[in-house]
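As structure tokens, the structure follows; a few thoughts come after it.
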Amino acid sequence: MTEAIEVVVNGEPRAVRAGGGGGATLLALLRELDLDPRTVVVEHNRRIVRRPALGEVTIAAGDAIELVHFVGGG
């Protein structure tokens, strides 16, 4: 059974998979939410995380994550 941790995503509490031994990463969270990292800006605990670091930044219970989607149009 996979453990879950509670985080806040865009102001809403959410249970996410805890991940392997190193914990869940922001990249794993985006995959779990079926989001393309190329189209999302990620803020983790009030700090914007650059795309190359998404797989390195681990999340913990209580973390605040904001996801902003790019929207095209014209």
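Within each chain, counting starts at residue 1; across the structure tokens, chains are named A, B, ... in the order shown, with ligands numbered 1 upward in that order.
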
Which neighbours of Ala28 of chain A fall inside 9 Å, counting only C-alpha atoms, when residues of the same chain fewer than 5 positions from it are skipped, and could you give them as an mmCIF file with C-alpha atoms, in the first residue's frame?
data_model
loop_
_atom_site.group_PDB
_atom_site.id
_atom_site.type_symbol
_atom_site.label_atom_id
_atom_site.label_comp_id
_atom_site.auth_asym_id
_atom_site.auth_seq_id
_atom_site.Cartn_x
_atom_site.Cartn_y
_atom_site.Cartn_z
ATOM 1 C CA ARG A 17 1.426 9.761 -2.894
ATOM 2 C CA GLY A 19 6.740 8.399 -3.160
ATOM 3 C CA LEU A 33 -2.199 15.345 -11.571
ATOM 4 C CA LEU A 54 11.093 19.838 -10.374
ATOM 5 C CA GLY A 55 12.441 16.285 -10.107
#

**OP:** Extract the full set of helix (DSSP H, G or I) residues from chain A according to DSSP on the backbone, and format it as a list in words.
**Re:** Leu26, Leu27, Ala28, Leu29, Leu30, Arg31, Glu32, Pro37, Arg38, Thr39, Arg51, Pro52 and Ala53 of chain A

Original post:
What's the 12 Å shell around segment 46-49 of chain A, counting only C-alpha atoms, without same-chain residues fewer than 5 positions away, as number ranges by chain?
Top reply: A: 10, 25-27, 37, 40-41, 54-58, 63-68

Original post:
Contacts of Glu6 of chain A at 12 Å or less, counting only C-alpha atoms, minus same-chain residues fewer than 5 places along, as an MDAnalysis selection string?
Top reply: chainID A and resid 12:18 24 59:65

Original post:
Can you list every residue in chain A that DSSP puts in strand (DSSP E), as a VMD selection string?
Top reply: chain A and resid 4 to 9 12 to 17 40 to 44 47 to 49 64 to 69

Save out the residues we just selected, N, CA and C atoms, as a compact mmCIF listing (two decimals), in the first residue's frame.
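As a result, again-v5.txt now contains:
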# COMPACT_ATOMS: atom_id res chain seq x y z
N ALA A 4 0.19 8.17 1.76
CA ALA A 4 -0.14 9.48 1.23
C ALA A 4 0.23 10.54 2.25
N ILE A 5 0.53 11.73 1.75
CA ILE A 5 0.77 12.88 2.62
C ILE A 5 -0.22 13.96 2.24
N GLU A 6 -0.51 14.83 3.19
CA GLU A 6 -1.43 15.94 2.95
C GLU A 6 -0.64 17.20 2.61
N VAL A 7 -0.94 17.79 1.48
CA VAL A 7 -0.36 19.07 1.08
C VAL A 7 -1.51 19.99 0.69
N VAL A 8 -1.19 21.24 0.42
CA VAL A 8 -2.19 22.19 -0.04
C VAL A 8 -1.82 22.57 -1.47
N VAL A 9 -2.72 22.27 -2.41
CA VAL A 9 -2.48 22.59 -3.82
C VAL A 9 -3.51 23.63 -4.24
N GLU A 12 -6.27 24.26 -1.74
CA GLU A 12 -7.14 23.15 -1.36
C GLU A 12 -6.31 22.00 -0.78
N PRO A 13 -6.72 21.44 0.36
CA PRO A 13 -6.01 20.27 0.89
C PRO A 13 -6.11 19.11 -0.08
N ARG A 14 -5.02 18.37 -0.21
CA ARG A 14 -5.01 17.25 -1.15
C ARG A 14 -4.06 16.17 -0.62
N ALA A 15 -4.49 14.93 -0.71
CA ALA A 15 -3.62 13.80 -0.37
C ALA A 15 -2.88 13.38 -1.63
N VAL A 16 -1.56 13.27 -1.54
CA VAL A 16 -0.74 12.84 -2.67
C VAL A 16 0.13 11.68 -2.25
N ARG A 17 0.56 10.90 -3.20
CA ARG A 17 1.43 9.76 -2.89
C ARG A 17 2.74 10.24 -2.30
N VAL A 40 3.18 24.55 -16.96
CA VAL A 40 2.80 24.92 -15.60
C VAL A 40 3.96 25.63 -14.90
N VAL A 41 3.64 26.68 -14.18
CA VAL A 41 4.62 27.31 -13.28
C VAL A 41 4.31 26.78 -11.90
N VAL A 42 5.35 26.33 -11.18
CA VAL A 42 5.17 25.72 -9.87
C VAL A 42 5.79 26.61 -8.80
N GLU A 43 4.98 26.92 -7.79
CA GLU A 43 5.46 27.64 -6.62
C GLU A 43 5.36 26.68 -5.43
N HIS A 44 6.47 26.49 -4.74
CA HIS A 44 6.54 25.56 -3.62
C HIS A 44 6.92 26.35 -2.38
N ARG A 47 8.10 29.85 -3.13
CA ARG A 47 9.28 30.01 -3.99
C ARG A 47 9.01 29.35 -5.32
N ILE A 48 9.24 30.09 -6.41
CA ILE A 48 9.04 29.51 -7.74
C ILE A 48 10.17 28.52 -7.99
N VAL A 49 9.79 27.36 -8.50
CA VAL A 49 10.76 26.30 -8.79
C VAL A 49 10.94 26.23 -10.30
N ALA A 64 2.83 23.97 0.85
CA ALA A 64 1.88 24.73 0.03
C ALA A 64 2.42 24.80 -1.40
N ILE A 65 1.62 24.35 -2.34
CA ILE A 65 2.02 24.31 -3.74
C ILE A 65 0.99 25.04 -4.57
N GLU A 66 1.46 25.98 -5.38
CA GLU A 66 0.57 26.69 -6.30
C GLU A 66 0.97 26.31 -7.72
N LEU A 67 -0.01 25.97 -8.52
CA LEU A 67 0.21 25.60 -9.92
C LEU A 67 -0.52 26.59 -10.81
N VAL A 68 0.22 27.22 -11.71
CA VAL A 68 -0.37 28.18 -12.63
C VAL A 68 -0.16 27.66 -14.03
N HIS A 69 -1.27 27.51 -14.77
CA HIS A 69 -1.24 26.98 -16.13
C HIS A 69 -1.07 28.11 -17.14
